[in-house]
$ cat entry-v4.cif   # mmCIF, C-alpha atoms (C1' of nucleotides)
data_structure
#
loop_
_atom_site.label_atom_id
_atom_site.label_comp_id
_atom_site.auth_asym_id
_atom_site.auth_seq_id
_atom_site.Cartn_x
_atom_site.Cartn_y
_atom_site.Cartn_z
CA MET A 1 219.09 64.72 155.33
CA GLY A 2 222.59 65.00 153.77
CA VAL A 3 224.70 61.88 153.99
CA ARG A 4 227.07 62.14 156.91
CA VAL A 5 230.52 62.60 155.39
CA ARG A 6 233.87 63.22 156.94
CA ASN A 7 234.90 66.84 157.26
CA SER A 8 237.69 68.49 155.33
CA ARG A 9 239.61 71.44 156.67
CA ASP A 10 237.52 73.77 154.54
CA ASP A 11 234.31 72.27 155.92
CA VAL A 12 235.53 73.06 159.41
CA VAL A 13 236.36 76.67 158.55
CA ALA A 14 233.04 77.17 156.76
CA ARG A 15 231.11 75.78 159.72
CA ALA A 16 233.13 77.91 162.13
CA LEU A 17 232.13 80.97 160.12
CA ALA A 18 228.47 79.99 160.47
CA VAL A 19 228.81 79.45 164.21
CA LEU A 20 230.61 82.79 164.56
CA ASP A 21 227.88 84.66 162.74
CA ALA A 22 225.05 82.92 164.57
CA TYR A 23 226.39 82.84 168.14
CA GLY A 24 229.40 85.19 168.32
CA LEU A 25 233.09 84.78 169.04
CA GLY A 26 232.53 83.91 172.70
CA ASP A 27 230.46 80.88 171.76
CA LEU A 28 232.79 79.69 169.03
CA THR A 29 234.33 76.90 171.10
CA MET A 30 236.02 73.71 169.97
CA ARG A 31 233.33 71.67 171.67
CA ARG A 32 230.47 73.59 170.15
CA LEU A 33 232.03 73.57 166.68
CA GLY A 34 232.59 69.84 166.98
CA ALA A 35 228.99 69.29 167.97
CA GLU A 36 227.83 71.39 165.04
CA LEU A 37 229.85 69.17 162.70
CA GLY A 38 228.60 65.98 164.33
CA VAL A 39 232.04 65.17 165.65
CA ARG A 40 234.00 65.06 168.90
CA PRO A 41 236.09 68.13 169.70
CA SER A 42 239.28 66.09 169.50
CA ALA A 43 238.61 65.44 165.80
CA LEU A 44 239.26 69.13 165.07
CA TYR A 45 242.87 68.68 166.10
CA HIS A 46 243.41 66.63 162.99
CA HIS A 47 243.18 69.86 160.95
CA PHE A 48 244.49 72.49 163.38
CA PRO A 49 247.19 72.29 166.04
CA ASP A 50 245.18 74.54 168.37
CA LYS A 51 242.27 76.94 168.57
CA GLN A 52 244.33 80.03 167.81
CA THR A 53 245.36 78.59 164.45
CA LEU A 54 241.74 77.74 163.67
CA LEU A 55 240.69 81.30 164.49
CA GLY A 56 243.47 82.59 162.25
CA ALA A 57 242.06 80.59 159.35
CA VAL A 58 238.54 81.83 160.10
CA ALA A 59 239.74 85.45 160.14
CA ASP A 60 241.53 84.96 156.85
CA GLU A 61 238.34 83.57 155.35
CA VAL A 62 236.33 86.56 156.58
CA LEU A 63 238.82 88.87 154.86
CA ALA A 64 239.01 86.76 151.71
CA ARG A 65 235.24 86.83 151.32
CA GLY A 66 235.06 90.57 151.95
CA LEU A 67 238.07 91.67 149.93
CA GLY A 68 238.56 88.77 147.57
CA GLY A 69 236.72 89.86 144.46
CA ALA A 70 237.75 93.44 143.89
CA PRO A 71 241.35 94.38 143.10
CA ALA A 72 243.23 96.18 145.86
CA THR A 73 243.56 99.25 143.66
CA PRO A 74 240.48 100.01 141.56
CA PRO A 75 240.67 100.57 137.80
CA GLY A 76 239.43 104.16 137.64
CA ASP A 77 242.02 106.86 138.20
CA LEU A 78 240.96 108.00 141.66
CA PRO A 79 243.40 110.31 143.43
CA TRP A 80 245.51 108.46 146.00
CA ASP A 81 243.52 109.79 148.94
CA GLY A 82 240.31 108.48 147.41
CA VAL A 83 241.97 105.10 146.94
CA VAL A 84 243.01 105.04 150.59
CA LEU A 85 239.56 105.93 151.88
CA GLU A 86 238.02 103.26 149.67
CA ALA A 87 240.45 100.62 150.93
CA CYS A 88 239.62 101.48 154.54
CA ARG A 89 235.92 101.23 153.78
CA ARG A 90 236.39 97.87 152.10
CA VAL A 91 238.18 96.47 155.13
CA ARG A 92 235.49 97.90 157.40
CA ASP A 93 232.71 96.35 155.33
CA ALA A 94 234.48 93.01 155.34
CA LEU A 95 234.63 93.09 159.16
CA LEU A 96 231.02 94.18 159.52
CA ALA A 97 229.83 91.28 157.35
CA TYR A 98 230.32 88.75 160.19
CA ARG A 99 229.39 89.00 163.81
CA ASP A 100 232.40 90.04 165.93
CA GLY A 101 234.46 90.31 162.73
CA ALA A 102 236.52 93.26 163.95
CA GLU A 103 237.29 91.67 167.30
CA LEU A 104 238.23 88.41 165.58
CA VAL A 105 240.69 90.03 163.20
CA ALA A 106 242.18 92.20 165.96
CA THR A 107 242.67 89.09 168.10
CA VAL A 108 244.36 86.92 165.50
CA ARG A 109 246.60 89.79 164.49
CA ALA A 110 247.66 90.11 168.13
CA PHE A 111 248.96 86.58 168.21
CA GLY A 112 250.33 86.76 164.70
CA LEU A 113 248.32 83.91 163.18
CA GLY A 114 246.21 85.61 160.52
CA GLY A 115 244.60 88.79 159.33
CA ALA A 116 247.55 89.93 157.23
CA ALA A 117 245.30 90.72 154.26
CA ALA A 118 243.79 93.66 156.12
CA LEU A 119 247.11 95.46 156.42
CA GLU A 120 248.07 94.54 152.85
CA GLU A 121 244.87 96.06 151.50
CA VAL A 122 245.52 99.36 153.23
CA ALA A 123 249.24 99.40 152.48
CA ALA A 124 248.66 98.83 148.75
CA ALA A 125 246.33 101.80 148.72
CA VAL A 126 248.71 104.08 150.59
CA ALA A 127 251.59 103.08 148.31
CA THR A 128 249.53 104.56 145.47
CA GLY A 129 250.41 107.99 146.84
CA GLY A 130 254.09 107.56 146.02
CA PHE A 131 255.38 107.98 149.57
CA ASP A 132 258.60 106.40 150.70
CA ASP A 133 258.48 102.95 152.28
CA ASP A 134 258.80 104.01 155.91
CA LEU A 135 255.92 106.43 155.61
CA VAL A 136 253.78 103.84 153.83
CA ALA A 137 254.43 101.41 156.68
CA THR A 138 253.72 103.94 159.43
CA ALA A 139 250.58 105.32 157.81
CA SER A 140 249.18 101.88 156.94
CA ARG A 141 249.59 100.56 160.46
CA ALA A 142 248.01 103.70 161.87
CA LEU A 143 245.09 103.52 159.45
CA LEU A 144 244.48 99.86 160.24
CA HIS A 145 244.42 100.62 163.98
CA LEU A 146 241.83 103.27 163.24
CA VAL A 147 239.75 100.89 161.15
CA LEU A 148 239.91 98.05 163.68
CA GLY A 149 239.23 100.27 166.68
CA HIS A 150 236.45 102.22 165.10
CA THR A 151 234.76 99.22 163.49
CA GLY A 152 235.04 97.22 166.69
CA GLU A 153 233.20 99.91 168.64
CA GLU A 154 230.63 100.35 165.91
CA GLN A 155 230.00 96.61 165.76
CA THR A 156 229.59 96.34 169.51
CA HIS A 157 227.00 99.11 169.45
CA LEU A 158 225.19 97.72 166.42
CA GLN A 159 224.95 94.30 168.02
CA ALA A 160 223.85 95.75 171.35
CA GLN A 161 221.10 97.65 169.55
CA SER A 162 219.92 94.62 167.57
CA VAL A 163 219.39 92.81 170.88
CA GLY A 164 217.03 95.70 171.63
CA ALA A 165 219.39 97.20 174.16
CA ILE A 166 220.12 100.48 175.85
CA GLY A 167 219.65 102.78 172.89
CA GLY A 168 222.67 105.01 173.36
CA GLU A 169 223.64 107.34 170.52
CA PRO A 170 223.66 105.41 167.26
CA ARG A 171 227.05 106.86 166.25
CA PRO A 172 226.83 108.41 162.82
CA ASP A 173 228.33 106.42 159.98
CA SER A 174 230.22 109.49 158.84
CA ASP A 175 232.50 109.47 161.88
CA PHE A 176 234.48 106.62 160.35
CA ASP A 177 235.15 108.71 157.26
CA ALA A 178 236.03 111.70 159.42
CA ALA A 179 238.59 109.73 161.44
CA VAL A 180 240.23 108.24 158.36
CA GLY A 181 240.07 111.63 156.66
CA LEU A 182 241.97 113.21 159.52
CA LEU A 183 244.87 110.83 159.09
CA VAL A 184 244.80 111.14 155.30
CA ALA A 185 244.93 114.91 155.66
CA GLY A 186 247.97 114.52 157.86
CA LEU A 187 249.60 112.36 155.23
CA ARG A 188 248.87 115.00 152.60
CA ALA A 189 250.27 117.78 154.74
CA THR A 190 253.37 115.90 155.86
CA THR A 191 254.73 115.45 152.36
CA PRO A 192 254.02 118.61 150.43
CA GLY A 193 255.29 117.17 147.15
CA ALA A 194 252.95 114.21 147.08
CA ARG A 195 249.84 115.11 145.14
CA ALA A 196 250.30 112.68 142.26
CA ASP A 197 246.73 112.78 141.03
CA ALA A 198 244.11 114.54 138.97
CA MET B 1 254.21 86.38 208.35
CA GLY B 2 251.48 89.04 208.24
CA VAL B 3 248.38 88.29 210.23
CA ARG B 4 245.72 86.82 208.00
CA VAL B 5 243.09 89.51 207.65
CA ARG B 6 239.97 89.74 205.59
CA ASN B 7 240.29 91.40 202.23
CA SER B 8 238.78 94.71 201.29
CA ARG B 9 237.83 95.56 197.74
CA ASP B 10 241.01 97.59 197.37
CA ASP B 11 243.08 94.63 198.56
CA VAL B 12 241.54 92.53 195.83
CA VAL B 13 242.30 95.10 193.13
CA ALA B 14 245.86 95.58 194.36
CA ARG B 15 246.48 91.85 194.36
CA ALA B 16 244.93 91.50 190.91
CA LEU B 17 247.37 94.12 189.65
CA ALA B 18 250.25 92.08 191.04
CA VAL B 19 248.96 88.88 189.45
CA LEU B 20 248.47 90.68 186.14
CA ASP B 21 252.01 92.00 186.12
CA ALA B 22 253.56 88.70 187.19
CA TYR B 23 251.57 86.22 185.10
CA GLY B 24 249.66 88.17 182.43
CA LEU B 25 246.01 88.74 181.61
CA GLY B 26 245.42 85.14 180.53
CA ASP B 27 246.40 83.85 183.96
CA LEU B 28 244.43 86.44 185.88
CA THR B 29 241.56 84.12 186.79
CA MET B 30 239.12 84.28 189.64
CA ARG B 31 240.45 81.01 191.01
CA ARG B 32 244.07 82.07 190.83
CA LEU B 33 243.38 85.47 192.34
CA GLY B 34 241.43 83.82 195.13
CA ALA B 35 244.30 81.44 195.83
CA GLU B 36 246.74 84.35 195.87
CA LEU B 37 244.59 86.06 198.52
CA GLY B 38 244.21 82.88 200.56
CA VAL B 39 240.52 82.72 199.81
CA ARG B 40 238.02 80.67 197.79
CA PRO B 41 237.08 82.11 194.40
CA SER B 42 233.49 82.56 195.51
CA ALA B 43 234.64 85.09 198.11
CA LEU B 44 235.55 87.52 195.34
CA TYR B 45 231.89 87.79 194.42
CA HIS B 46 231.31 89.67 197.62
CA HIS B 47 233.12 92.66 196.06
CA PHE B 48 232.37 92.26 192.34
CA PRO B 49 229.30 90.96 190.54
CA ASP B 50 231.44 89.29 187.89
CA LYS B 51 234.92 89.08 186.41
CA GLN B 52 234.35 91.81 183.83
CA THR B 53 233.59 94.34 186.56
CA LEU B 54 236.72 93.29 188.42
CA LEU B 55 238.81 93.77 185.28
CA GLY B 56 237.24 97.18 184.81
CA ALA B 57 238.38 98.19 188.28
CA VAL B 58 241.86 96.83 187.60
CA ALA B 59 242.10 98.80 184.34
CA ASP B 60 240.98 101.96 186.10
CA GLU B 61 243.67 101.42 188.70
CA VAL B 62 246.33 100.98 186.00
CA LEU B 63 245.28 104.30 184.49
CA ALA B 64 244.99 106.05 187.84
CA ARG B 65 248.53 105.04 188.78
CA GLY B 66 249.91 106.06 185.41
CA LEU B 67 248.01 109.30 184.93
CA GLY B 68 246.99 110.19 188.45
CA GLY B 69 249.73 112.52 189.60
CA ALA B 70 250.21 114.90 186.71
CA PRO B 71 247.46 117.29 185.63
CA ALA B 72 245.83 116.50 182.30
CA THR B 73 247.11 119.75 180.85
CA PRO B 74 250.63 120.69 181.96
CA PRO B 75 251.43 124.11 183.44
CA GLY B 76 253.90 125.31 180.79
CA ASP B 77 252.42 126.97 177.75
CA LEU B 78 253.07 124.23 175.20
CA PRO B 79 251.32 124.66 171.85
CA TRP B 80 248.21 122.51 171.58
CA ASP B 81 249.88 119.94 169.36
CA GLY B 82 252.63 119.45 171.91
CA VAL B 83 250.00 118.99 174.61
CA VAL B 84 248.27 116.33 172.51
CA LEU B 85 251.45 114.40 171.84
CA GLU B 86 252.34 114.49 175.52
CA ALA B 87 248.91 113.21 176.52
CA CYS B 88 249.22 110.29 174.10
CA ARG B 89 252.65 109.47 175.47
CA ARG B 90 251.34 109.57 179.04
CA VAL B 91 248.57 107.12 178.21
CA ARG B 92 251.04 104.88 176.41
CA ASP B 93 253.45 104.92 179.35
CA ALA B 94 250.61 104.11 181.74
CA LEU B 95 249.71 101.06 179.63
CA LEU B 96 253.32 99.90 179.31
CA ALA B 97 253.79 100.01 183.08
CA TYR B 98 251.82 96.76 183.59
CA ARG B 99 251.99 93.53 181.66
CA ASP B 100 249.20 93.34 179.05
CA GLY B 101 248.11 96.84 180.09
CA ALA B 102 247.05 97.86 176.58
CA GLU B 103 245.06 94.68 175.96
CA LEU B 104 243.39 95.04 179.36
CA VAL B 105 242.24 98.60 178.75
CA ALA B 106 241.10 97.80 175.21
CA THR B 107 239.09 94.86 176.54
CA VAL B 108 237.32 96.70 179.34
CA ARG B 109 236.52 99.58 177.04
CA ALA B 110 234.93 97.10 174.65
CA PHE B 111 232.42 95.97 177.24
CA GLY B 112 232.02 99.45 178.65
CA LEU B 113 233.11 98.76 182.23
CA GLY B 114 236.19 100.91 182.63
CA GLY B 115 239.07 102.68 180.98
CA ALA B 116 237.25 105.97 180.54
CA ALA B 117 240.19 107.95 181.92
CA ALA B 118 242.26 107.14 178.83
CA LEU B 119 239.82 108.87 176.49
CA GLU B 120 239.37 111.76 178.93
CA GLU B 121 243.11 112.37 179.07
CA VAL B 122 243.36 112.61 175.30
CA ALA B 123 240.15 114.60 174.88
CA ALA B 124 241.25 117.21 177.43
CA ALA B 125 244.46 117.68 175.48
CA VAL B 126 242.73 117.99 172.12
CA ALA B 127 240.24 120.50 173.54
CA THR B 128 243.24 122.72 174.25
CA GLY B 129 243.39 123.40 170.51
CA GLY B 130 240.07 125.21 170.53
CA PHE B 131 238.30 122.93 168.04
CA ASP B 132 234.58 122.50 168.11
CA ASP B 133 233.11 119.66 170.13
CA ASP B 134 232.45 117.24 167.28
CA LEU B 135 236.00 117.49 166.04
CA VAL B 136 237.37 117.06 169.56
CA ALA B 137 235.30 113.90 169.93
CA THR B 138 236.30 112.46 166.56
CA ALA B 139 239.99 113.25 166.92
CA SER B 140 240.19 111.97 170.50
CA ARG B 141 238.60 108.66 169.64
CA ALA B 142 240.87 108.27 166.66
CA LEU B 143 243.97 109.13 168.68
CA LEU B 144 243.01 106.66 171.42
CA HIS B 145 242.57 103.89 168.85
CA LEU B 146 246.04 104.72 167.58
CA VAL B 147 247.51 104.64 171.08
CA LEU B 148 245.78 101.39 172.07
CA GLY B 149 246.59 99.63 168.81
CA HIS B 150 250.15 100.77 168.60
CA THR B 151 250.94 100.19 172.27
CA GLY B 152 249.28 96.77 172.18
CA GLU B 153 251.52 95.67 169.32
CA GLU B 154 254.56 97.16 170.93
CA GLN B 155 253.82 95.46 174.24
CA THR B 156 253.30 92.08 172.56
CA HIS B 157 256.67 92.40 170.86
CA LEU B 158 258.45 93.63 173.98
CA GLN B 159 257.08 90.73 176.00
CA ALA B 160 257.91 88.22 173.27
CA GLN B 161 261.46 89.54 173.25
CA SER B 162 261.85 89.42 177.01
CA VAL B 163 260.97 85.73 176.89
CA GLY B 164 264.00 85.47 174.61
CA ALA B 165 261.88 84.91 171.55
CA ILE B 166 262.06 85.22 167.80
CA GLY B 167 263.94 88.49 167.55
CA GLY B 168 261.95 90.15 164.79
CA GLU B 169 262.49 93.85 164.15
CA PRO B 170 262.43 95.69 167.49
CA ARG B 171 260.12 98.42 166.09
CA PRO B 172 261.64 101.84 166.70
CA ASP B 173 260.15 103.85 169.52
CA SER B 174 259.77 106.81 167.19
CA ASP B 175 257.05 105.12 165.14
CA PHE B 176 254.53 105.86 167.90
CA ASP B 177 255.33 109.56 167.65
CA ALA B 178 255.17 109.38 163.86
CA ALA B 179 251.71 107.80 163.89
CA VAL B 180 250.33 110.29 166.40
CA GLY B 181 252.07 113.10 164.53
CA LEU B 182 250.31 112.12 161.33
CA LEU B 183 246.91 112.51 162.91
CA VAL B 184 247.87 115.73 164.65
CA ALA B 185 249.05 117.12 161.33
CA GLY B 186 245.69 116.23 159.85
CA LEU B 187 243.97 118.06 162.67
CA ARG B 188 246.14 121.10 162.04
CA ALA B 189 245.44 121.04 158.32
CA THR B 190 241.71 120.42 158.65
CA THR B 191 241.04 123.62 160.56
CA PRO B 192 243.23 126.34 159.10
CA GLY B 193 242.24 128.88 161.73
CA ALA B 194 243.31 126.83 164.74
CA ARG B 195 246.86 127.64 165.66
CA ALA B 196 246.21 129.16 169.07
CA ASP B 197 249.77 128.89 170.36
CA ALA B 198 253.24 130.41 170.49
"C1'" DA C 1 231.34 92.29 206.20
"C1'" DC C 2 233.56 88.57 204.61
"C1'" DC C 3 234.19 83.69 203.97
"C1'" DT C 4 233.44 78.30 203.16
"C1'" DG C 5 231.81 74.09 200.77
"C1'" DA C 6 229.83 72.12 197.31
"C1'" DA C 7 227.94 72.02 193.20
"C1'" DC C 8 226.74 73.23 187.99
"C1'" DA C 9 227.84 73.76 183.47
"C1'" DC C 10 231.29 74.44 180.98
"C1'" DC C 11 236.48 75.03 178.70
"C1'" DG C 12 241.15 73.51 175.52
"C1'" DT C 13 244.10 69.76 174.78
"C1'" DT C 14 246.32 65.03 174.61
"C1'" DC C 15 246.61 60.43 173.16
"C1'" DA C 16 245.98 55.65 172.32
"C1'" DA C 17 243.06 53.26 169.48
"C1'" DG C 18 239.86 52.48 165.84
"C1'" DT C 19 238.15 52.55 160.43
"C1'" DA D 1 242.52 60.66 156.35
"C1'" DC D 2 239.48 61.19 159.77
"C1'" DC D 3 237.26 59.86 163.99
"C1'" DT D 4 236.16 57.92 169.04
"C1'" DG D 5 236.60 57.49 174.09
"C1'" DA D 6 238.41 58.75 177.94
"C1'" DA D 7 240.95 61.43 180.57
"C1'" DC D 8 243.57 65.82 182.54
"C1'" DA D 9 243.72 70.19 184.26
"C1'" DC D 10 241.35 73.77 184.27
"C1'" DC D 11 237.34 77.81 183.90
"C1'" DG D 12 233.21 81.49 185.84
"C1'" DT D 13 229.32 81.56 188.69
"C1'" DT D 14 225.63 80.46 192.24
"C1'" DC D 15 223.99 79.76 196.73
"C1'" DA D 16 222.99 78.17 201.25
"C1'" DA D 17 225.35 78.42 205.31
"C1'" DG D 18 228.74 79.95 208.58
"C1'" DT D 19 231.45 83.86 211.70
#

$ encode --input "entry-v4.cif" --output "structure tokens"
Amino acid sequence: MGVRVRNSRDDVVARALAVLDAYGLGDLTMRRLGAELGVRPSALYHHFPDKQTLLGAVADEVLARGLGGAPATPPGDLPWDGVVLEACRRVRDALLAYRDGAELVATVRAFGLGGAAALEEVAAAVATGGFDDDLVATASRALLHLVLGHTGEEQTHLQAQSVGAIGGEPRPDSDFDAAVGLLVAGLRATTPGARADA
Amino acid sequence: MGVRVRNSRDDVVARALAVLDAYGLGDLTMRRLGAELGVRPSALYHHFPDKQTLLGAVADEVLARGLGGAPATPPGDLPWDGVVLEACRRVRDALLAYRDGAELVATVRAFGLGGAAALEEVAAAVATGGFDDDLVATASRALLHLVLGHTGEEQTHLQAQSVGAIGGEPRPDSDFDAAVGLLVAGLRATTPGARADA
DNA sequence: ACCTGAACACCGTTCAAGT
DNA sequence: ACCTGAACACCGTTCAAGT
């Protein structure tokens, strides 16, 4: 019943998010999104030069909604390794909040058109440990690969299950923490001087 | 000038590998592959039920060619951490040997139709350290995510450069070793009793 | 065992033109 | 500032029929 108004760029991104969550990344097409907005697909090219750029904006919105509120480094004086684990969990939760969220962010990162906030979140946490810049960069990239890979698998299985599917092992939630913990332990061991915490 | 013969399943996979390497994953379409074989696209469905299954077979062939010859665990008595690093490097080299190799293997693993050899290679190496089964599983998955993520980025940059592109930082080769080394160090630290080597 | 021919239901993108 | 209409050059997949 709403009056039919013309769509702003933000309207397009918001609607894309809804289509993503309802139908998945594979069905988030320019034609379908146009139809959902009551508009021809060509109208979308007024806001975005191509689909990749649109997807980049959608991925950034997923991350903004999931990470936006809380500060990258929490107020309490957690030890650095606790801060890192929490950052990884926040990124994971942000990805799990939308269907195919992990795959979307991995994709847009691959063509360099979005998803930067995910790496920034992790890097800010790692920097808390007082490591030198090269190590922060290496560890953050490695942790993000872990988060994206692990969450992508987890999301695939969750979505397969919710369709009532095969019923393979449900993959314990704790395996994410274990994987991240392994890398954090390596970080701790690699630089024996770096336990700047409680 | 070869006589035009009918194509076996292996012919199709071999030709798909050639198309992949020459034109990339995005241009590896059923129609293009058919044309390359001198055949209508529908003929391919005699060998494969769908494109995903074909891609799974192509990914398995990439891994078989890259990992096939050498045994999973080398003859010399390397310490377990050396064995793990070598396994990760072998998988990485296998992926780098074909255009978009990392993206291909990541994709087919996501829909569960191939690429199992990559995880097996890493898991066999980790098992060498004498860890219990859960830890082997967790560490192997984490290491493979590192290898796929890192190699995927590296490959994107290498291919962008070879097109004569932007010329961002070339990403030192040693960062792969550093990332894997971080996780291996965590593995070493997590289980204080496990240094079953020289 | 392998292939054709023809169709079905889609894609992303461009561009002149409208309001 | 936003949208239409129409086109271009593609996709994956199915299926009856041929050899």

$ interface_residues --input "entry-v4.cif" --of "chain B" --to "chain D" --cutoff "12 Å" --atoms "only C-alpha atoms (C1' of nucleotides)" --output "ChimeraX atom specification"
/B:26-32,41-45,48-52

$ atom_distance --input "entry-v4.cif" --atom1 "CA of Arg109 (chain B)" --atom2 "CA of Gly82 (chain B)"
26.1 Å

$ interface_residues --input "entry-v4.cif" --of "chain A" --to "chain B" --cutoff "9 Å" --atoms "all atoms listed in the file" --output "CSV table (one decimal) with C-alpha atoms, in the frame of the given file"
chain,number,residue,atom,x,y,z
A,110,ALA,CA,247.7,90.1,168.1
A,111,PHE,CA,249.0,86.6,168.2
A,135,LEU,CA,255.9,106.4,155.6
A,138,THR,CA,253.7,103.9,159.4
A,139,ALA,CA,250.6,105.3,157.8
A,141,ARG,CA,249.6,100.6,160.5
A,142,ALA,CA,248.0,103.7,161.9
A,143,LEU,CA,245.1,103.5,159.4
A,144,LEU,CA,244.5,99.9,160.2
A,145,HIS,CA,244.4,100.6,164.0
A,146,LEU,CA,241.8,103.3,163.2
A,147,VAL,CA,239.8,100.9,161.2
A,148,LEU,CA,239.9,98.0,163.7
A,149,GLY,CA,239.2,100.3,166.7
A,150,HIS,CA,236.4,102.2,165.1
A,152,GLY,CA,235.0,97.2,166.7
A,153,GLU,CA,233.2,99.9,168.6
A,156,THR,CA,229.6,96.3,169.5
A,175,ASP,CA,232.5,109.5,161.9
A,176,PHE,CA,234.5,106.6,160.4
A,178,ALA,CA,236.0,111.7,159.4
A,179,ALA,CA,238.6,109.7,161.4
A,180,VAL,CA,240.2,108.2,158.4
A,181,GLY,CA,240.1,111.6,156.7
A,182,LEU,CA,242.0,113.2,159.5
A,183,LEU,CA,244.9,110.8,159.1
A,184,VAL,CA,244.8,111.1,155.3
A,185,ALA,CA,244.9,114.9,155.7
A,186,GLY,CA,248.0,114.5,157.9
A,187,LEU,CA,249.6,112.4,155.2
A,188,ARG,CA,248.9,115.0,152.6
A,189,ALA,CA,250.3,117.8,154.7
A,190,THR,CA,253.4,115.9,155.9

$ atom_distance --input "entry-v4.cif" --atom1 "CA of Leu54 (chain A)" --atom2 "CA of Val13 (chain A)"
7.5 Å

$ atom_distance --input "entry-v4.cif" --atom1 "CA of Gly68 (chain A)" --atom2 "CA of Ala125 (chain A)"
15.2 Å

$ axis_aligned_box --input "entry-v4.cif" --around "region 101-111 of chain A" --padding-each-side "4 Å" --output "JSON"
{"center_x": 241.7, "center_y": 89.9, "center_z": 165.5, "size_x": 22.5, "size_y": 14.7, "size_z": 13.5}

$ residues_around --input "entry-v4.cif" --residues "Ala14 (chain B)" --least-positions-apart "6" --cutoff "12 Å" --atoms "only C-alpha atoms (C1' of nucleotides)" --output "list in words"
Asn7, Ser8, Leu20, Asp21, Leu33, Glu36, Leu37, Leu54, Leu55, Ala57, Val58, Ala59, Asp60, Glu61, Val62 and Arg65 of chain B

$ resolve_selection --input "entry-v4.cif" --expression "the PyMOL selection byres ((chain B and resi 117) around 10)" --output "number ranges by chain"
B: 59-60, 63-64, 67-68, 91, 114-116, 118-123

$ closest_residue --input "entry-v4.cif" --among "B:Ala97, B:His47, B:Phe131, B:Asp173" --to "Asp10 (chain B)" --atoms "only C-alpha atoms"
B:His47
